[in-house]
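Enquirer: Structure file run-v3.cif (mmCIF, C-alpha atoms) is given on the next line.
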```
data_run
loop_
_atom_site.group_PDB
_atom_site.id
_atom_site.type_symbol
_atom_site.label_atom_id
_atom_site.label_comp_id
_atom_site.auth_asym_id
_atom_site.auth_seq_id
_atom_site.Cartn_x
_atom_site.Cartn_y
_atom_site.Cartn_z
ATOM 1 C CA MET A 1 7.967 4.847 17.457
ATOM 2 C CA PRO A 2 9.314 2.441 14.818
ATOM 3 C CA GLN A 3 10.109 3.805 11.389
ATOM 4 C CA THR A 4 7.933 2.510 8.563
ATOM 5 C CA THR A 5 9.797 1.272 5.520
ATOM 6 C CA TRP A 6 8.154 1.089 2.117
ATOM 7 C CA VAL A 7 9.411 -1.777 0.026
ATOM 8 C CA GLN A 8 8.054 -1.106 -3.417
ATOM 9 C CA THR A 9 9.159 -2.867 -6.516
ATOM 10 C CA GLU A 10 9.035 -0.932 -9.749
ATOM 11 C CA ILE A 11 5.873 -2.583 -10.997
ATOM 12 C CA ASP A 12 5.726 -0.560 -14.187
ATOM 13 C CA LEU A 13 8.940 -2.142 -15.487
ATOM 14 C CA ASP A 14 8.606 -4.466 -18.428
ATOM 15 C CA LEU A 15 9.638 -7.606 -16.551
ATOM 16 C CA PRO A 16 9.934 -10.918 -18.394
ATOM 17 C CA THR A 17 6.876 -13.029 -17.644
ATOM 18 C CA THR A 18 8.196 -16.528 -18.284
ATOM 19 C CA PRO A 19 11.546 -18.162 -17.572
ATOM 20 C CA ALA A 20 11.821 -19.043 -21.277
ATOM 21 C CA GLU A 21 12.206 -15.324 -22.027
ATOM 22 C CA GLU A 22 15.570 -15.266 -20.287
ATOM 23 C CA GLU A 23 18.572 -17.479 -19.782
ATOM 24 C CA GLY A 24 18.698 -17.237 -16.005
ATOM 25 C CA TYR A 25 21.245 -16.068 -13.465
ATOM 26 C CA GLY A 26 23.612 -18.319 -11.549
ATOM 27 C CA ARG A 27 24.484 -18.026 -7.877
ATOM 28 C CA ALA A 28 27.505 -15.738 -8.317
ATOM 29 C CA GLU A 29 25.541 -13.292 -10.465
ATOM 30 C CA VAL A 30 22.602 -13.313 -8.068
ATOM 31 C CA LEU A 31 24.860 -12.578 -5.090
ATOM 32 C CA ARG A 32 26.613 -9.732 -6.891
ATOM 33 C CA ILE A 33 23.435 -8.151 -8.275
ATOM 34 C CA THR A 34 21.182 -8.468 -5.209
ATOM 35 C CA LYS A 35 23.832 -7.885 -2.511
ATOM 36 C CA VAL A 36 22.686 -10.893 -0.447
ATOM 37 C CA THR A 37 25.097 -13.363 1.112
ATOM 38 C CA TYR A 38 25.484 -16.953 -0.031
ATOM 39 C CA ARG A 39 24.028 -18.145 3.281
ATOM 40 C CA GLN A 40 20.943 -15.903 2.910
ATOM 41 C CA LEU A 41 20.261 -17.053 -0.644
ATOM 42 C CA ASP A 42 20.836 -20.709 0.149
ATOM 43 C CA HIS A 43 18.667 -20.568 3.267
ATOM 44 C CA TRP A 44 15.813 -18.716 1.538
ATOM 45 C CA THR A 45 15.927 -21.217 -1.324
ATOM 46 C CA ARG A 46 16.008 -24.277 0.959
ATOM 47 C CA GLN A 47 13.120 -22.856 3.027
ATOM 48 C CA GLY A 48 11.059 -22.228 -0.118
ATOM 49 C CA ILE A 49 10.927 -18.480 0.447
ATOM 50 C CA VAL A 50 12.621 -18.007 -2.928
ATOM 51 C CA VAL A 51 12.127 -20.606 -5.634
ATOM 52 C CA PRO A 52 14.423 -20.440 -8.689
ATOM 53 C CA SER A 53 11.990 -20.274 -11.579
ATOM 54 C CA VAL A 54 14.404 -21.052 -14.418
ATOM 55 C CA ARG A 55 15.940 -24.204 -12.945
ATOM 56 C CA SER A 56 15.859 -25.734 -9.463
ATOM 57 C CA ALA A 57 18.630 -27.854 -8.009
ATOM 58 C CA SER A 58 18.172 -31.482 -8.977
ATOM 59 C CA GLY A 59 20.880 -33.088 -6.899
ATOM 60 C CA TYR A 60 24.420 -32.538 -5.714
ATOM 61 C CA GLY A 61 26.382 -30.234 -7.970
ATOM 62 C CA SER A 62 23.397 -29.096 -10.034
ATOM 63 C CA ARG A 63 23.103 -25.416 -10.734
ATOM 64 C CA ARG A 64 20.083 -23.324 -9.733
ATOM 65 C CA LEU A 65 19.114 -20.603 -12.190
ATOM 66 C CA TYR A 66 17.099 -17.568 -11.173
ATOM 67 C CA SER A 67 14.967 -15.320 -13.400
ATOM 68 C CA PHE A 68 14.986 -11.539 -13.311
ATOM 69 C CA ARG A 69 11.682 -11.666 -11.391
ATOM 70 C CA ASP A 70 13.426 -13.925 -8.853
ATOM 71 C CA LEU A 71 16.155 -11.274 -8.525
ATOM 72 C CA VAL A 72 13.499 -8.650 -7.781
ATOM 73 C CA ALA A 73 11.981 -10.932 -5.111
ATOM 74 C CA ILE A 74 15.413 -11.544 -3.566
ATOM 75 C CA ARG A 75 16.108 -7.808 -3.453
ATOM 76 C CA VAL A 76 12.718 -7.209 -1.786
ATOM 77 C CA LEU A 77 13.482 -9.886 0.818
ATOM 78 C CA LYS A 78 16.888 -8.291 1.444
ATOM 79 C CA ARG A 79 15.302 -4.881 1.990
ATOM 80 C CA LEU A 80 12.783 -6.394 4.403
ATOM 81 C CA THR A 81 15.536 -8.100 6.414
ATOM 82 C CA ASP A 82 17.578 -4.881 6.386
ATOM 83 C CA ALA A 83 14.503 -3.120 7.809
ATOM 84 C CA GLY A 84 14.484 -5.610 10.705
ATOM 85 C CA VAL A 85 11.920 -8.219 9.638
ATOM 86 C CA SER A 86 12.818 -11.613 11.124
ATOM 87 C CA LEU A 87 13.260 -14.720 8.982
ATOM 88 C CA GLN A 88 10.180 -16.269 10.592
ATOM 89 C CA ASN A 89 8.054 -13.220 9.697
ATOM 90 C CA LEU A 90 9.514 -13.169 6.178
ATOM 91 C CA ARG A 91 8.480 -16.775 5.664
ATOM 92 C CA ARG A 92 4.970 -16.149 7.054
ATOM 93 C CA ALA A 93 4.521 -13.081 4.833
ATOM 94 C CA VAL A 94 5.594 -14.962 1.692
ATOM 95 C CA GLU A 95 3.361 -17.935 2.563
ATOM 96 C CA THR A 96 0.384 -15.604 3.062
ATOM 97 C CA LEU A 97 1.059 -13.839 -0.250
ATOM 98 C CA ARG A 98 1.117 -17.195 -2.053
ATOM 99 C CA ARG A 99 -2.070 -18.323 -0.308
ATOM 100 C CA LEU A 100 -3.757 -15.054 -1.375
ATOM 101 C CA GLY A 101 -2.792 -15.739 -4.997
ATOM 102 C CA GLU A 102 0.239 -13.409 -5.129
ATOM 103 C CA PRO A 103 3.105 -15.827 -5.741
ATOM 104 C CA ASP A 104 5.344 -13.144 -7.232
ATOM 105 C CA LEU A 105 7.048 -10.599 -4.956
ATOM 106 C CA ALA A 106 8.106 -8.709 -8.083
ATOM 107 C CA SER A 107 4.600 -7.360 -8.624
ATOM 108 C CA THR A 108 3.444 -6.218 -5.204
ATOM 109 C CA VAL A 109 3.944 -3.288 -2.824
ATOM 110 C CA LEU A 110 5.011 -4.100 0.724
ATOM 111 C CA VAL A 111 5.279 -1.918 3.835
ATOM 112 C CA THR A 112 6.988 -2.806 7.092
ATOM 113 C CA ASP A 113 7.692 -1.270 10.461
ATOM 114 C CA GLY A 114 10.526 -3.746 11.016
ATOM 115 C CA HIS A 115 8.237 -6.356 12.502
ATOM 116 C CA THR A 116 4.937 -6.632 10.662
ATOM 117 C CA VAL A 117 4.743 -6.845 6.864
ATOM 118 C CA TYR A 118 1.780 -5.347 5.018
ATOM 119 C CA GLN A 119 0.751 -5.611 1.386
ATOM 120 C CA CYS A 120 -0.713 -2.450 -0.127
ATOM 121 C CA ARG A 121 -3.212 -3.435 -2.784
ATOM 122 C CA SER A 122 -4.586 0.071 -3.272
ATOM 123 C CA GLY A 123 -4.826 3.401 -1.499
ATOM 124 C CA ASP A 124 -7.481 2.039 0.823
ATOM 125 C CA GLU A 125 -6.773 -1.706 0.985
ATOM 126 C CA VAL A 126 -3.887 -2.887 3.137
ATOM 127 C CA ILE A 127 -3.375 -6.529 4.126
ATOM 128 C CA ASP A 128 -1.536 -7.646 7.277
ATOM 129 C CA LEU A 129 0.502 -10.578 5.978
ATOM 130 C CA LEU A 130 1.455 -11.813 9.450
ATOM 131 C CA GLN A 131 -2.180 -12.037 10.540
ATOM 132 C CA GLY A 132 -3.077 -14.439 7.748
ATOM 133 C CA GLY A 133 -4.142 -11.772 5.282
ATOM 134 C CA GLN A 134 -6.396 -9.751 7.568
ATOM 135 C CA VAL A 135 -7.499 -6.484 5.974
ATOM 136 C CA VAL A 136 -6.281 -3.422 7.850
ATOM 137 C CA VAL A 137 -8.413 -0.295 7.772
ATOM 138 C CA ALA A 138 -6.722 2.276 5.594
ATOM 139 C CA ILE A 139 -8.120 5.717 5.076
ATOM 140 C CA ALA A 140 -6.984 7.712 2.093
ATOM 141 C CA ILE A 141 -7.100 11.292 3.373
ATOM 142 C CA SER A 142 -7.225 12.825 -0.100
ATOM 143 C CA ALA A 143 -10.284 10.716 -0.951
ATOM 144 C CA ALA A 144 -12.022 11.833 2.262
ATOM 145 C CA VAL A 145 -11.284 15.500 1.506
ATOM 146 C CA LYS A 146 -12.594 15.150 -2.048
ATOM 147 C CA GLU A 147 -15.742 13.410 -0.765
ATOM 148 C CA LEU A 148 -16.385 16.136 1.829
ATOM 149 C CA ARG A 149 -15.840 18.942 -0.652
ATOM 150 C CA SER A 150 -18.393 17.465 -3.031
ATOM 151 C CA ALA A 151 -20.933 17.220 -0.191
ATOM 152 C CA LEU A 152 -20.566 20.852 0.902
ATOM 153 C CA PRO A 153 -23.164 23.367 -0.326
ATOM 154 C CA THR A 154 -21.991 26.139 -2.613
ATOM 155 C CA PRO A 155 -20.857 28.968 -0.342
ATOM 156 C CA GLU A 156 -22.864 32.171 -0.467
ATOM 157 C CA PRO A 157 -21.006 35.362 -1.311
ATOM 158 C CA ALA A 158 -19.643 37.196 1.705
ATOM 159 C CA VAL A 159 -21.796 40.086 2.900
ATOM 160 C CA ASP A 160 -20.355 43.309 4.230
ATOM 161 C CA LEU A 161 -21.895 43.591 7.728
ATOM 162 C CA ALA A 162 -21.931 47.416 7.739
ATOM 163 C CA GLU A 163 -23.693 47.478 4.358
ATOM 164 C CA HIS A 164 -26.193 44.877 5.590
ATOM 165 C CA ARG A 165 -27.059 47.017 8.666
ATOM 166 C CA GLU A 166 -27.455 50.128 6.499
ATOM 167 C CA ASN A 167 -29.858 48.306 4.163
ATOM 168 C CA ARG A 168 -31.963 47.097 7.115
ATOM 169 C CA ARG A 169 -32.342 50.671 8.386
ATOM 170 C CA HIS A 170 -33.872 51.845 5.095
ATOM 171 C CA ARG A 171 -36.216 48.919 4.668
ATOM 172 C CA PRO A 172 -39.878 49.496 5.628
ATOM 173 C CA ALA A 173 -40.961 47.779 8.811
ATOM 174 C CA LEU A 174 -42.904 44.564 8.395
ATOM 175 C CA ARG A 175 -46.500 44.809 9.437
ATOM 176 C CA SER A 176 -48.290 41.987 11.118
ATOM 177 C CA THR A 177 -51.029 40.350 9.039
ATOM 178 C CA VAL A 178 -52.810 39.084 12.147
ATOM 179 C CA PRO A 179 -55.729 41.278 13.239
ATOM 180 C CA PRO A 180 -55.122 42.912 16.654
ATOM 181 C CA ALA A 181 -58.158 41.205 18.227
ATOM 182 C CA ALA A 182 -56.873 37.730 17.200
ATOM 183 C CA ALA A 183 -53.395 38.478 18.513
ATOM 184 C CA SER A 184 -54.669 39.470 21.982
ATOM 185 C CA ALA A 185 -57.161 36.576 22.183
ATOM 186 C CA GLY A 186 -54.363 33.997 22.091
#
```
Now that the file is in, can you turn its structure into C-alpha cells?

Expert:
Amino acid sequence: MPQTTWVQTEIDLDLPTTPAEEEGYGRAEVLRITKVTYRQLDHWTRQGIVVPSVRSASGYGSRRLYSFRDLVAIRVLKRLTDAGVSLQNLRRAVETLRRLGEPDLASTVLVTDGHTVYQCRSGDEVIDLLQGGQVVVAIAISAAVKELRSALPTPEPAVDLAEHRENRRHRPALRSTVPPAAASAG
C-alpha cells in the first residue's frame, strides 16, 4: 500500500502578498534555499508550472526574480516530486489548481500517495487534481462521532438487577380490569 504524503504549506505565516513588498530572489538564491536543481527550476519555469512573480525572463541574459511565495511553491513542488509524483502529474495538478481559482501553491494543502495529488480544502472536502478537480468523498470521523453522540438519548441510570427483582417481589400483583365474563367471551 503506497504511503500518503501530506504536503502542507504553513498557511498561517505572514507571507508577502505582492511582489512589490519584496525585492525578489535570483536563481542562485532560489536553488540554495529550496534545494532544487538548476534543471528542475528551469524546466518548471519554462513549462509554466512555476512563474516568477517579481520578474520574468525577457530575453537572453535577463534575470528572473522569484518572490517568497514563489519559493514556497517551488518547495511544495520539490516535496511532491520527492514523494514520487511525475512531472506530467505535477503539471496537471497545477493547471487544475489554477483553473479552480487557486493560482498560488503557497496557500493550499496538498496530499499525495506518490501518484495522485489531492487538494484538501477542509476536513470534508478533498479535490482530486488529476481528475480535473473531481470532489472525493471525505468523511471526518470526529464530526460523525459528534453527530451520533448528539442524536443519542440520555442514558438511564443503571439498575441493580438483584434490587430490581427484590422490588418486584414486594409489589402487589396487578389485577385485571376486564370482567371475567368479557375475558372468556373473546

Enquirer: Taking the file above as input, evaluate the PyMOL selection byres ((chain A and resi 94) around 10) and report the hits as a list in words.

Expert: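 The output of the PyMOL selection byres ((chain A and resi 94) around 10) on this file is Gly48, Ile49, Val50, Leu77, Asn89, Leu90, Arg91, Arg92, Ala93, Glu95, Thr96, Leu97, Arg98, Arg99, Leu100, Glu102, Pro103, Asp104, Leu105, Val117, Leu129 and Leu130 of chain A.
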
Enquirer: List the residues selected by the PyMOL selection byres ((chain A and resi 25) around 6) in the file shown, writing them as a ChimeraX atom specification.

Expert: /A:24,26,29,65-66

Enquirer: Give me the residues near Asp82 of chain A as a VMD selection string, where near means some atom within 12 Å (using all atoms listed in the file) and where sequence neighbours in that chain fewer than 4 positions away do not count.

Expert: chain A and resid 5 to 7 35 to 36 75 to 78 86 to 87 90 112 to 115

Enquirer: Name the residues that the PyMOL selection byres ((chain A and resi 42) around 12) pulls out of this structure, and write them as a list in words.

Expert: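 Checking the PyMOL selection byres ((chain A and resi 42) around 12) against this file, the residues are Arg27, Ala28, Val30, Leu31, Val36, Thr37, Tyr38, Arg39, Gln40, Leu41, His43, Trp44, Thr45, Arg46, Gln47, Gly48, Ile49, Val50, Val51, Pro52, Ser56, Ala57, Arg64 and Ile74 of chain A.
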
Enquirer: Kindly give the distance, in Å, that separates atom CA of Thr81 of chain A and atom CA of Gly101 of chain A, rounded to a single decimal.

Expert: 22.9 Å

Enquirer: Give me, as a compact mmCIF listing (two decimals) with C-alpha atoms, in the coordinates of the input, all polymer residues having an atom no more than 9 Å from Cys120 of chain A, counting only C-alpha atoms and skipping those fewer than 2 positions away in the same chain.

Expert:
```
# COMPACT_ATOMS: atom_id res chain seq x y z
CA THR A 108 3.44 -6.22 -5.20
CA VAL A 109 3.94 -3.29 -2.82
CA LEU A 110 5.01 -4.10 0.72
CA VAL A 111 5.28 -1.92 3.84
CA TYR A 118 1.78 -5.35 5.02
CA SER A 122 -4.59 0.07 -3.27
CA GLY A 123 -4.83 3.40 -1.50
CA ASP A 124 -7.48 2.04 0.82
CA GLU A 125 -6.77 -1.71 0.98
CA VAL A 126 -3.89 -2.89 3.14
CA ILE A 127 -3.38 -6.53 4.13
```

Enquirer: I need the residue nearest Thr34 of chain A from this list: A:Asp160, A:Asp70, A:Glu166, A:Asp128. Use only C-alpha atoms for the distance.

Expert: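 Going through A:Asp160, A:Asp70, A:Glu166, A:Asp128 one by one, the smallest distance to Thr34 of chain A is for A:Asp70.
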
Enquirer: Grab the atom CA of Leu71 of chain A to atom CA of Ile33 of chain A distance for me, in Å with one decimal place.

Expert: 7.9 Å

Enquirer: Could you work out how far atom CA of Pro157 of chain A lies from atom CA of Ser142 of chain A, giving the answer in Å with one decimal?

Expert: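 Those two atoms sit 26.4 Å apart.
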
Enquirer: Which centre and edge lengths in Å to one decimal define the box along x, y and z that fits every listed atom of segment 144-158 of chain A plus 3 Å per side, as JSON?

Expert:
```
{"center_x": -17.2, "center_y": 24.5, "center_z": -0.4, "size_x": 17.9, "size_y": 31.4, "size_z": 11.3}
```
